[in-house]
Every structure is written in C-alpha cells, then in structure tokens.
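What follows is the content of target-v7.pdb (PDB, C-alpha atoms, pLDDT in the B column).
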```
ATOM      1  CA  MET A   1      91.814 110.752 112.093  1.00 81.00           C
ATOM      2  CA  SER A   2      90.438 107.661 113.865  1.00 88.00           C
ATOM      3  CA  LYS A   3      92.470 105.972 116.588  1.00 84.00           C
ATOM      4  CA  PRO A   4      92.987 102.726 114.645  1.00 82.00           C
ATOM      5  CA  ARG A   5      94.197 104.737 111.683  1.00 86.00           C
ATOM      6  CA  MET A   6      96.507 106.778 113.886  1.00 86.00           C
ATOM      7  CA  ARG A   7      97.903 103.587 115.429  1.00 85.00           C
ATOM      8  CA  ALA A   8      98.467 102.103 111.994  1.00 86.00           C
ATOM      9  CA  ARG A   9     100.213 105.260 110.859  1.00 90.00           C
ATOM     10  CA  GLN A  10     102.493 105.267 113.891  1.00 91.00           C
ATOM     11  CA  ALA A  11     103.194 101.565 113.491  1.00 91.00           C
ATOM     12  CA  ALA A  12     104.292 102.231 109.919  1.00 91.00           C
ATOM     13  CA  LEU A  13     107.019 104.672 110.990  1.00 93.00           C
ATOM     14  CA  SER A  14     110.617 103.528 110.621  1.00 94.00           C
ATOM     15  CA  PHE A  15     112.266 102.063 113.714  1.00 95.00           C
ATOM     16  CA  SER A  16     114.478 105.142 113.957  1.00 95.00           C
ATOM     17  CA  GLU A  17     111.442 107.434 113.941  1.00 95.00           C
ATOM     18  CA  LYS A  18     109.696 105.291 116.531  1.00 95.00           C
ATOM     19  CA  ILE A  19     112.753 105.400 118.784  1.00 95.00           C
ATOM     20  CA  LYS A  20     112.650 109.196 118.620  1.00 94.00           C
ATOM     21  CA  VAL A  21     109.023 109.077 119.754  1.00 94.00           C
ATOM     22  CA  LEU A  22     109.995 106.727 122.603  1.00 94.00           C
ATOM     23  CA  GLU A  23     112.684 109.172 123.683  1.00 93.00           C
ATOM     24  CA  LYS A  24     110.197 112.051 123.745  1.00 93.00           C
ATOM     25  CA  LEU A  25     107.736 109.945 125.757  1.00 92.00           C
ATOM     26  CA  ARG A  26     110.550 108.945 128.122  1.00 90.00           C
ATOM     27  CA  ASP A  27     111.638 112.564 128.607  1.00 90.00           C
ATOM     28  CA  ARG A  28     108.042 113.613 129.213  1.00 90.00           C
ATOM     29  CA  ASP A  29     107.577 110.923 131.856  1.00 87.00           C
ATOM     30  CA  ARG A  30     110.807 111.965 133.564  1.00 85.00           C
ATOM     31  CA  ALA A  31     109.720 115.610 133.563  1.00 89.00           C
ATOM     32  CA  ILE A  32     106.376 114.693 135.088  1.00 88.00           C
ATOM     33  CA  ALA A  33     108.086 112.570 137.725  1.00 85.00           C
ATOM     34  CA  ALA A  34     110.535 115.362 138.531  1.00 87.00           C
ATOM     35  CA  SER A  35     107.801 117.975 138.860  1.00 86.00           C
ATOM     36  CA  GLY A  36     106.110 116.132 141.682  1.00 78.00           C
ATOM     37  CA  LEU A  37     102.689 116.653 140.100  1.00 70.00           C
ATOM     38  CA  ARG A  38     101.752 113.004 140.459  1.00 64.00           C
ATOM     39  CA  ALA A  39     102.512 113.043 144.182  1.00 64.00           C
ATOM     40  CA  LYS A  40     100.413 116.186 144.621  1.00 63.00           C
ATOM     41  CA  ALA A  41      97.520 114.668 142.691  1.00 65.00           C
ATOM     42  CA  GLU A  42      97.624 111.545 144.852  1.00 65.00           C
ATOM     43  CA  LYS A  43      97.499 113.709 147.988  1.00 65.00           C
ATOM     44  CA  GLY A  44      94.514 115.622 146.594  1.00 65.00           C
ATOM     45  CA  ASP A  45      96.341 118.923 146.547  1.00 59.00           C
ATOM     46  CA  LEU A  46      95.376 119.574 142.958  1.00 59.00           C
ATOM     47  CA  THR A  47      91.771 120.657 142.384  1.00 59.00           C
ATOM     48  CA  LEU A  48      90.272 122.474 139.450  1.00 58.00           C
ATOM     49  CA  PRO A  49      88.470 125.766 140.151  1.00 56.00           C
ATOM     50  CA  HIS A  50      85.253 124.588 138.527  1.00 48.00           C
ATOM     51  CA  LEU A  51      85.177 121.505 140.742  1.00 49.00           C
ATOM     52  CA  LYS A  52      85.247 123.814 143.760  1.00 50.00           C
ATOM     53  CA  ARG A  53      82.262 125.730 142.342  1.00 50.00           C
ATOM     54  CA  ILE A  54      80.306 122.519 141.780  1.00 45.00           C
ATOM     55  CA  LYS A  55      80.936 121.502 145.378  1.00 45.00           C
TER      56      LYS A  55
ATOM     57  CA  MET B  56     119.506 105.189 121.492  1.00 94.00           C
ATOM     58  CA  LYS B  57     122.164 105.451 118.789  1.00 95.00           C
ATOM     59  CA  ALA B  58     124.890 105.837 121.402  1.00 95.00           C
ATOM     60  CA  THR B  59     123.381 102.996 123.445  1.00 96.00           C
ATOM     61  CA  LEU B  60     123.484 100.585 120.534  1.00 97.00           C
ATOM     62  CA  GLU B  61     126.925 101.702 119.429  1.00 96.00           C
ATOM     63  CA  ALA B  62     128.258 100.865 122.884  1.00 96.00           C
ATOM     64  CA  ILE B  63     126.586  97.464 122.861  1.00 97.00           C
ATOM     65  CA  ASN B  64     127.859  96.686 119.369  1.00 97.00           C
ATOM     66  CA  GLN B  65     131.375  97.643 120.383  1.00 97.00           C
ATOM     67  CA  MET B  66     131.050  95.397 123.411  1.00 96.00           C
ATOM     68  CA  GLN B  67     130.096  92.576 121.061  1.00 96.00           C
ATOM     69  CA  THR B  68     133.046  93.319 118.773  1.00 96.00           C
ATOM     70  CA  ASP B  69     135.339  93.230 121.797  1.00 95.00           C
ATOM     71  CA  GLY B  70     134.031  89.781 122.730  1.00 93.00           C
ATOM     72  CA  VAL B  71     132.371  90.679 126.013  1.00 94.00           C
ATOM     73  CA  ILE B  72     129.032  89.427 124.718  1.00 94.00           C
ATOM     74  CA  GLY B  73     127.898  87.215 121.891  1.00 94.00           C
ATOM     75  CA  LYS B  74     124.754  87.663 119.842  1.00 95.00           C
ATOM     76  CA  TYR B  75     122.093  89.943 121.312  1.00 97.00           C
ATOM     77  CA  ALA B  76     118.569  91.027 120.528  1.00 98.00           C
ATOM     78  CA  ILE B  77     116.309  93.795 121.720  1.00 98.00           C
ATOM     79  CA  GLY B  78     113.194  92.433 123.424  1.00 97.00           C
ATOM     80  CA  GLY B  79     110.507  93.828 125.667  1.00 96.00           C
ATOM     81  CA  ALA B  80     108.677  97.048 124.947  1.00 95.00           C
ATOM     82  CA  VAL B  81     111.345  98.533 122.678  1.00 96.00           C
ATOM     83  CA  GLY B  82     111.441  95.316 120.682  1.00 97.00           C
ATOM     84  CA  ALA B  83     107.665  95.420 120.337  1.00 97.00           C
ATOM     85  CA  THR B  84     107.920  99.014 119.122  1.00 96.00           C
ATOM     86  CA  PHE B  85     109.644  97.723 116.000  1.00 96.00           C
ATOM     87  CA  TYR B  86     106.288  96.193 115.005  1.00 96.00           C
ATOM     88  CA  LEU B  87     103.716  98.374 116.775  1.00 95.00           C
ATOM     89  CA  GLN B  88     102.986 101.993 117.523  1.00 92.00           C
ATOM     90  CA  PRO B  89     105.489 103.518 119.965  1.00 92.00           C
ATOM     91  CA  ALA B  90     104.402 103.330 123.606  1.00 89.00           C
ATOM     92  CA  ALA B  91     106.083 104.848 126.636  1.00 87.00           C
ATOM     93  CA  THR B  92     108.781 102.751 128.228  1.00 90.00           C
ATOM     94  CA  LEU B  93     111.569 103.641 130.592  1.00 87.00           C
ATOM     95  CA  ASP B  94     114.163 101.011 129.761  1.00 93.00           C
ATOM     96  CA  VAL B  95     115.591  98.725 127.092  1.00 96.00           C
ATOM     97  CA  ASP B  96     115.711  94.959 127.542  1.00 97.00           C
ATOM     98  CA  ILE B  97     118.691  93.416 125.806  1.00 97.00           C
ATOM     99  CA  PHE B  98     118.743  89.619 125.710  1.00 97.00           C
ATOM    100  CA  VAL B  99     122.360  88.677 125.409  1.00 95.00           C
ATOM    101  CA  THR B 100     124.315  85.474 124.988  1.00 92.00           C
ATOM    102  CA  LEU B 101     127.374  85.324 127.183  1.00 88.00           C
ATOM    103  CA  PRO B 102     130.688  83.665 126.509  1.00 80.00           C
ATOM    104  CA  THR B 103     131.130  80.515 128.568  1.00 70.00           C
ATOM    105  CA  SER B 104     134.172  79.382 130.438  1.00 55.00           C
ATOM    106  CA  PRO B 105     136.104  76.354 129.105  1.00 53.00           C
ATOM    107  CA  GLY B 106     134.231  74.186 131.591  1.00 52.00           C
ATOM    108  CA  GLY B 107     130.919  75.312 130.097  1.00 52.00           C
ATOM    109  CA  LEU B 108     129.881  77.405 133.094  1.00 55.00           C
ATOM    110  CA  LEU B 109     128.153  80.682 132.338  1.00 59.00           C
ATOM    111  CA  LEU B 110     129.966  83.808 133.303  1.00 63.00           C
ATOM    112  CA  SER B 111     128.114  86.510 135.189  1.00 82.00           C
ATOM    113  CA  LEU B 112     126.987  89.898 133.926  1.00 89.00           C
ATOM    114  CA  ALA B 113     129.834  91.544 135.806  1.00 90.00           C
ATOM    115  CA  PRO B 114     132.109  91.828 132.735  1.00 91.00           C
ATOM    116  CA  ILE B 115     129.323  93.680 130.934  1.00 94.00           C
ATOM    117  CA  TYR B 116     128.897  96.151 133.766  1.00 94.00           C
ATOM    118  CA  ASP B 117     132.644  96.582 134.185  1.00 93.00           C
ATOM    119  CA  TYR B 118     133.103  97.195 130.456  1.00 95.00           C
ATOM    120  CA  LEU B 119     130.304  99.740 130.235  1.00 95.00           C
ATOM    121  CA  LYS B 120     131.170 101.521 133.474  1.00 94.00           C
ATOM    122  CA  SER B 121     134.688 102.071 132.160  1.00 94.00           C
ATOM    123  CA  ARG B 122     133.083 103.776 129.161  1.00 93.00           C
ATOM    124  CA  GLY B 123     130.800 106.099 131.071  1.00 93.00           C
ATOM    125  CA  GLY B 124     127.890 103.813 131.882  1.00 94.00           C
ATOM    126  CA  VAL B 125     126.197 104.460 135.224  1.00 95.00           C
ATOM    127  CA  VAL B 126     124.730 101.620 137.253  1.00 94.00           C
ATOM    128  CA  GLU B 127     121.263 102.298 138.668  1.00 92.00           C
ATOM    129  CA  ASP B 128     119.741  99.316 140.478  1.00 90.00           C
ATOM    130  CA  GLU B 129     119.460  96.494 137.953  1.00 90.00           C
ATOM    131  CA  TYR B 130     120.067  98.830 135.020  1.00 94.00           C
ATOM    132  CA  ILE B 131     123.083 100.408 133.487  1.00 96.00           C
ATOM    133  CA  VAL B 132     122.454 103.759 131.862  1.00 95.00           C
ATOM    134  CA  ILE B 133     124.154 104.089 128.507  1.00 95.00           C
ATOM    135  CA  GLY B 134     123.490 106.850 126.032  1.00 92.00           C
ATOM    136  CA  GLY B 135     120.624 108.142 128.169  1.00 91.00           C
ATOM    137  CA  TRP B 136     118.788 104.799 128.263  1.00 95.00           C
ATOM    138  CA  PRO B 137     118.589 102.458 131.257  1.00 95.00           C
ATOM    139  CA  VAL B 138     119.512  99.056 129.850  1.00 97.00           C
ATOM    140  CA  GLN B 139     118.762  95.721 131.440  1.00 96.00           C
ATOM    141  CA  PHE B 140     120.899  92.869 130.153  1.00 96.00           C
ATOM    142  CA  LEU B 141     119.116  89.538 130.306  1.00 95.00           C
ATOM    143  CA  PRO B 142     120.843  86.231 129.637  1.00 93.00           C
ATOM    144  CA  PRO B 143     118.319  83.878 128.019  1.00 92.00           C
ATOM    145  CA  SER B 144     116.635  81.870 130.760  1.00 90.00           C
ATOM    146  CA  GLY B 145     115.710  78.978 128.477  1.00 92.00           C
ATOM    147  CA  GLU B 146     115.469  77.641 124.951  1.00 95.00           C
ATOM    148  CA  LEU B 147     112.653  79.987 123.941  1.00 97.00           C
ATOM    149  CA  GLU B 148     114.764  83.045 124.596  1.00 96.00           C
ATOM    150  CA  ARG B 149     117.864  81.441 123.089  1.00 95.00           C
ATOM    151  CA  GLU B 150     115.894  80.767 119.922  1.00 97.00           C
ATOM    152  CA  ALA B 151     114.496  84.294 120.026  1.00 98.00           C
ATOM    153  CA  VAL B 152     118.001  85.756 120.079  1.00 97.00           C
ATOM    154  CA  ALA B 153     119.268  83.358 117.405  1.00 97.00           C
ATOM    155  CA  GLU B 154     116.388  84.149 115.044  1.00 97.00           C
ATOM    156  CA  SER B 155     116.262  87.896 115.690  1.00 98.00           C
ATOM    157  CA  VAL B 156     115.872  90.222 112.738  1.00 97.00           C
ATOM    158  CA  SER B 157     118.511  92.669 111.652  1.00 97.00           C
ATOM    159  CA  THR B 158     117.577  96.332 111.512  1.00 96.00           C
ATOM    160  CA  GLU B 159     119.098  99.713 112.129  1.00 95.00           C
ATOM    161  CA  VAL B 160     118.527 102.751 114.316  1.00 94.00           C
ATOM    162  CA  GLU B 161     119.950 106.013 113.010  1.00 94.00           C
ATOM    163  CA  GLY B 162     122.421 104.095 110.907  1.00 95.00           C
ATOM    164  CA  VAL B 163     123.525 101.729 113.693  1.00 97.00           C
ATOM    165  CA  ASN B 164     122.933  98.023 113.055  1.00 97.00           C
ATOM    166  CA  THR B 165     121.076  96.078 115.695  1.00 97.00           C
ATOM    167  CA  TRP B 166     118.806  93.054 116.151  1.00 98.00           C
ATOM    168  CA  VAL B 167     115.237  92.777 117.342  1.00 98.00           C
ATOM    169  CA  MET B 168     113.327  89.667 118.358  1.00 98.00           C
ATOM    170  CA  THR B 169     110.635  88.559 115.945  1.00 98.00           C
ATOM    171  CA  ALA B 170     107.035  89.485 116.718  1.00 98.00           C
ATOM    172  CA  GLU B 171     106.198  85.836 117.318  1.00 98.00           C
ATOM    173  CA  HIS B 172     108.992  85.350 119.843  1.00 98.00           C
ATOM    174  CA  LEU B 173     108.035  88.573 121.616  1.00 98.00           C
ATOM    175  CA  ILE B 174     104.479  87.314 121.890  1.00 98.00           C
ATOM    176  CA  ALA B 175     105.528  83.893 123.170  1.00 98.00           C
ATOM    177  CA  ILE B 176     107.791  85.426 125.814  1.00 98.00           C
ATOM    178  CA  ALA B 177     105.041  87.849 126.833  1.00 97.00           C
ATOM    179  CA  LEU B 178     102.591  84.936 127.042  1.00 97.00           C
ATOM    180  CA  ARG B 179     104.938  83.001 129.277  1.00 96.00           C
ATOM    181  CA  THR B 180     105.638  86.041 131.508  1.00 96.00           C
ATOM    182  CA  GLY B 181     101.908  86.619 131.769  1.00 95.00           C
ATOM    183  CA  ARG B 182     101.599  90.009 133.487  1.00 95.00           C
ATOM    184  CA  PRO B 183      98.692  92.304 132.562  1.00 95.00           C
ATOM    185  CA  LYS B 184     101.020  94.504 130.545  1.00 94.00           C
ATOM    186  CA  ASP B 185     102.303  91.444 128.679  1.00 96.00           C
ATOM    187  CA  HIS B 186      98.744  90.456 127.799  1.00 96.00           C
ATOM    188  CA  ASN B 187      98.106  94.027 126.687  1.00 95.00           C
ATOM    189  CA  ARG B 188     101.114  93.859 124.395  1.00 96.00           C
ATOM    190  CA  ILE B 189      99.946  90.568 122.870  1.00 97.00           C
ATOM    191  CA  LEU B 190      96.563  92.144 122.183  1.00 96.00           C
ATOM    192  CA  GLN B 191      98.263  95.034 120.410  1.00 94.00           C
ATOM    193  CA  PHE B 192     100.108  92.609 118.128  1.00 95.00           C
ATOM    194  CA  ILE B 193      96.841  90.888 117.314  1.00 94.00           C
ATOM    195  CA  GLU B 194      94.844  94.079 116.835  1.00 91.00           C
ATOM    196  CA  GLN B 195      97.472  95.500 114.513  1.00 90.00           C
ATOM    197  CA  ASP B 196      97.743  92.194 112.669  1.00 91.00           C
ATOM    198  CA  ALA B 197     101.481  92.229 113.239  1.00 94.00           C
ATOM    199  CA  VAL B 198     101.888  88.485 113.764  1.00 95.00           C
ATOM    200  CA  ASP B 199     102.416  85.420 111.562  1.00 96.00           C
ATOM    201  CA  ARG B 200      99.876  83.087 113.111  1.00 94.00           C
ATOM    202  CA  GLY B 201     101.415  79.919 111.715  1.00 96.00           C
ATOM    203  CA  LYS B 202     104.863  80.780 112.996  1.00 97.00           C
ATOM    204  CA  LEU B 203     103.425  81.766 116.375  1.00 97.00           C
ATOM    205  CA  GLN B 204     101.532  78.509 116.653  1.00 96.00           C
ATOM    206  CA  GLY B 205     104.733  76.583 116.000  1.00 97.00           C
ATOM    207  CA  ILE B 206     106.578  78.426 118.749  1.00 98.00           C
ATOM    208  CA  ILE B 207     103.675  77.994 121.166  1.00 97.00           C
ATOM    209  CA  GLU B 208     103.607  74.246 120.562  1.00 97.00           C
ATOM    210  CA  ARG B 209     107.375  73.855 120.657  1.00 97.00           C
ATOM    211  CA  TYR B 210     107.648  75.533 124.060  1.00 97.00           C
ATOM    212  CA  GLY B 211     104.635  74.075 125.800  1.00 97.00           C
ATOM    213  CA  LEU B 212     102.576  77.263 125.799  1.00 97.00           C
ATOM    214  CA  ALA B 213      99.421  75.855 124.207  1.00 96.00           C
ATOM    215  CA  SER B 214      97.468  75.814 127.444  1.00 96.00           C
ATOM    216  CA  ARG B 215      98.404  79.402 128.248  1.00 96.00           C
ATOM    217  CA  TRP B 216      97.483  80.472 124.717  1.00 96.00           C
ATOM    218  CA  GLN B 217      94.080  78.836 125.033  1.00 94.00           C
ATOM    219  CA  GLN B 218      93.475  80.538 128.360  1.00 94.00           C
ATOM    220  CA  PHE B 219      94.551  83.868 126.877  1.00 95.00           C
ATOM    221  CA  GLY B 220      92.271  83.371 123.901  1.00 93.00           C
ATOM    222  CA  HIS B 221      89.253  82.458 126.022  1.00 93.00           C
ATOM    223  CA  LYS B 222      89.825  85.412 128.331  1.00 92.00           C
ATOM    224  CA  TYR B 223      90.356  88.130 125.745  1.00 92.00           C
ATOM    225  CA  LEU B 224      89.293  86.899 122.330  1.00 87.00           C
ATOM    226  CA  GLY B 225      86.592  84.314 122.759  1.00 82.00           C
ATOM    227  CA  ASP B 226      87.590  81.476 120.472  1.00 60.00           C
ATOM    228  CA  GLU B 227      88.464  83.791 117.561  1.00 58.00           C
ATOM    229  CA  PHE B 228      92.209  83.429 117.803  1.00 56.00           C
ATOM    230  CA  GLY B 229      93.551  81.556 120.756  1.00 50.00           C
ATOM    231  CA  GLY B 230      90.788  79.069 121.260  1.00 46.00           C
ATOM    232  CA  ASN B 231      90.346  75.461 120.356  1.00 46.00           C
ATOM    233  CA  ASP B 232      92.467  74.988 117.252  1.00 46.00           C
ATOM    234  CA  GLU B 233      92.762  71.228 117.506  1.00 43.00           C
TER     235      GLU B 233
END
```
Exercise: express the given structure as structure tokens:
Amino acid sequence: MSKPRMRARQAALSFSEKIKVLEKLRDRDRAIAASGLRAKAEKGDLTLPHLKRIK
Amino acid sequence: MKATLEAINQMQTDGVIGKYAIGGAVGATFYLQPAATLDVDIFVTLPTSPGGLLLSLAPIYDYLKSRGGVVEDEYIVIGGWPVQFLPPSGELEREAVAESVSTEVEGVNTWVMTAEHLIAIALRTGRPKDHNRILQFIEQDAVDRGKLQGIIERYGLASRWQQFGHKYLGDEFGGNDE
C-alpha cells in the first residue's frame, strides 16, 4: 500500500480508533524514553556489528 | 482518553469551566492520520468574577487534583494523559472554542476545534511543527478553503498565509489571491 493511501486510510478511522493509536504511540515513546536507548545512541554507545566490519 | 474526557466533562457540569475544545495535535488527529503526541491541549473558557476579571487556572487544578489528577510541570495528568488547559488568548481562540464540533471518544461526548481554526492557530503560532501540521491538512485535503480564507482575513493572518504559501506551496494555495 502506498504511503498516501495509508495516510488516507488512517485519516478515515473514527476518532475513537485514532485515539487508541495515539495511546499506543504515546506508550511506545515512553518505553523508548525509559529504556535510555536514545541517550546511548547520542553518546555513540550503540553500533551495529556490520558497521564495525566496514570500518 | 475516555477517563480524561469524562473528568473534564464532569468539571464542566460542576461549573468549574465553561465551554471547551480540544486543539493542538490531538485536535488535528480528528481530521488527519494519527501522529505521536505526548499531551492534550484543552482550550477552555473560564467563569469570570462579577467584576469581569478572569479567574486563574487554580480552580481547575484544585478540582482535578482532588479527583486523582497529578500535576507535572504545566500539565495535569488525568486518565493517563498530560493535559494542558489553555484559556483563549484572543478572539481567534474564543471563536475556535465557540464553533468547535461535537464528537465522541469511546462514547464520551467532547468538542474539537474545526480544521480551519486549527490551521489558523497553527499559522499564528508559526513553529516548524505547526507549519508541518498545516501542510498535512492541505495534503490530505482536510480543509474548507473558503472558510479558512475568511478566518485568515478576519484575524489579520493574510500576510502570514502568503509567506507560508510562498515558502512551501509556491503560489498554488497560499499565494496571491487578491
């Protein structure tokens, strides 16, 4: 499905359904914030193994 | 969100606030695809004292705290959602609240600003994320252009709308409609 079509489909959801999506997005953002992954990424502590091989 | 809106509706019934409308990102979600946001902006009319002076937001916070709300910085967390209560700062927002549309979330009645008022407020606020939101309304064709133009003219936003149009749309939408 193309992105515009996906956006249109999501926009056509009922307000109640959209709010449920917002709550899932909110919970995901909170979980990411709580895990500290963003802070580690900013410090450069997270590297992928294949990037090490390329270097 | 259901619990959040139930609390706000009860607060309205109890006379702590007057008419209210959801604005900001959650308000925009009514018209657009859902996008991540951390809080709910509630534009709320407040009762005035007999002398016509506006009361503060303190009664709102006191009311909600006594019913389990938790204050965090400028927000009060109700039903799992940080809520920011915003008294209208001018006629545009007062009109936006007055002309808000009725809807419901999980069976709970509530009110959301119209797309055109959300766009006008975003235009006036003018941050990058506000411009991004306006573009989403345009791209998803979720705006009544005639109604928007009326609001823009009524509230002196024509110059900003032209600048926005030139910057992001060429003259397709927000350009020289004179």
Item to check | Selection: 7 Å around stretch 163-175 of chain B, only C-alpha atoms, excl. self and same-chain fewer than 4 positions, as a VMD selection string | outcome: chain B and resid 57 60 to 61 75 to 78 82 to 83 86 151 to 152 155 to 159 179 189 198 to 199 202 to 203 207
Those same residues, written as a PDB file, in the frame of the given file with C-alpha atoms?
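Result saved to again_33.pdb:
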```
ATOM      1  CA  LYS B  57     122.164 105.451 118.789  1.00 95.00           C
ATOM      2  CA  LEU B  60     123.484 100.585 120.534  1.00 97.00           C
ATOM      3  CA  GLU B  61     126.925 101.702 119.429  1.00 96.00           C
ATOM      4  CA  TYR B  75     122.093  89.943 121.312  1.00 97.00           C
ATOM      5  CA  ALA B  76     118.569  91.027 120.528  1.00 98.00           C
ATOM      6  CA  ILE B  77     116.309  93.795 121.720  1.00 98.00           C
ATOM      7  CA  GLY B  78     113.194  92.433 123.424  1.00 97.00           C
ATOM      8  CA  GLY B  82     111.441  95.316 120.682  1.00 97.00           C
ATOM      9  CA  ALA B  83     107.665  95.420 120.337  1.00 97.00           C
ATOM     10  CA  TYR B  86     106.288  96.193 115.005  1.00 96.00           C
ATOM     11  CA  ALA B 151     114.496  84.294 120.026  1.00 98.00           C
ATOM     12  CA  VAL B 152     118.001  85.756 120.079  1.00 97.00           C
ATOM     13  CA  SER B 155     116.262  87.896 115.690  1.00 98.00           C
ATOM     14  CA  VAL B 156     115.872  90.222 112.738  1.00 97.00           C
ATOM     15  CA  SER B 157     118.511  92.669 111.652  1.00 97.00           C
ATOM     16  CA  THR B 158     117.577  96.332 111.512  1.00 96.00           C
ATOM     17  CA  GLU B 159     119.098  99.713 112.129  1.00 95.00           C
ATOM     18  CA  ARG B 179     104.938  83.001 129.277  1.00 96.00           C
ATOM     19  CA  ILE B 189      99.946  90.568 122.870  1.00 97.00           C
ATOM     20  CA  VAL B 198     101.888  88.485 113.764  1.00 95.00           C
ATOM     21  CA  ASP B 199     102.416  85.420 111.562  1.00 96.00           C
ATOM     22  CA  LYS B 202     104.863  80.780 112.996  1.00 97.00           C
ATOM     23  CA  LEU B 203     103.425  81.766 116.375  1.00 97.00           C
ATOM     24  CA  ILE B 207     103.675  77.994 121.166  1.00 97.00           C
TER      25      ILE B 207
END
```
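The residues returned by the ChimeraX specification (/A :<9) & /B for this structure are B:Met56, B:Val81, B:Thr84, B:Phe85, B:Tyr86, B:Leu87, B:Gln88, B:Pro89, B:Ala90, B:Ala91, B:Thr92, B:Leu93, B:Asp94, B:Trp136, B:Thr158, B:Glu159, B:Val160, B:Glu161, B:Gly162, B:Gln195.
For the pair atom CA of B:Ala113 and atom CA of B:Gly145, the separation is 20.3 Å.
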Item to check | Ground truth for the PyMOL selection byres ((chain B and resi 115-132) around 10), written as a list in words | outcome: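 Applying the PyMOL selection byres ((chain B and resi 115-132) around 10) to the structure shown produces Thr59, Ala62, Ile63, Met66, Gln67, Asp69, Val71, Ile72, Asp94, Val95, Asp96, Leu101, Ser111, Leu112, Ala113, Pro114, Ile133, Gly134, Gly135, Trp136, Pro137, Val138, Gln139 and Phe140 of chain B.
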Item to check | atom CA of B:Ser214 to atom CA of B:Val99, distance in Å rounded to a single decimal | outcome: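 Here the two named atoms are 28.1 Å from each other.
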Checklist outcome for this item: A straight line from atom CA of B:Lys74 to atom CA of B:Thr103 spans 13.0 Å
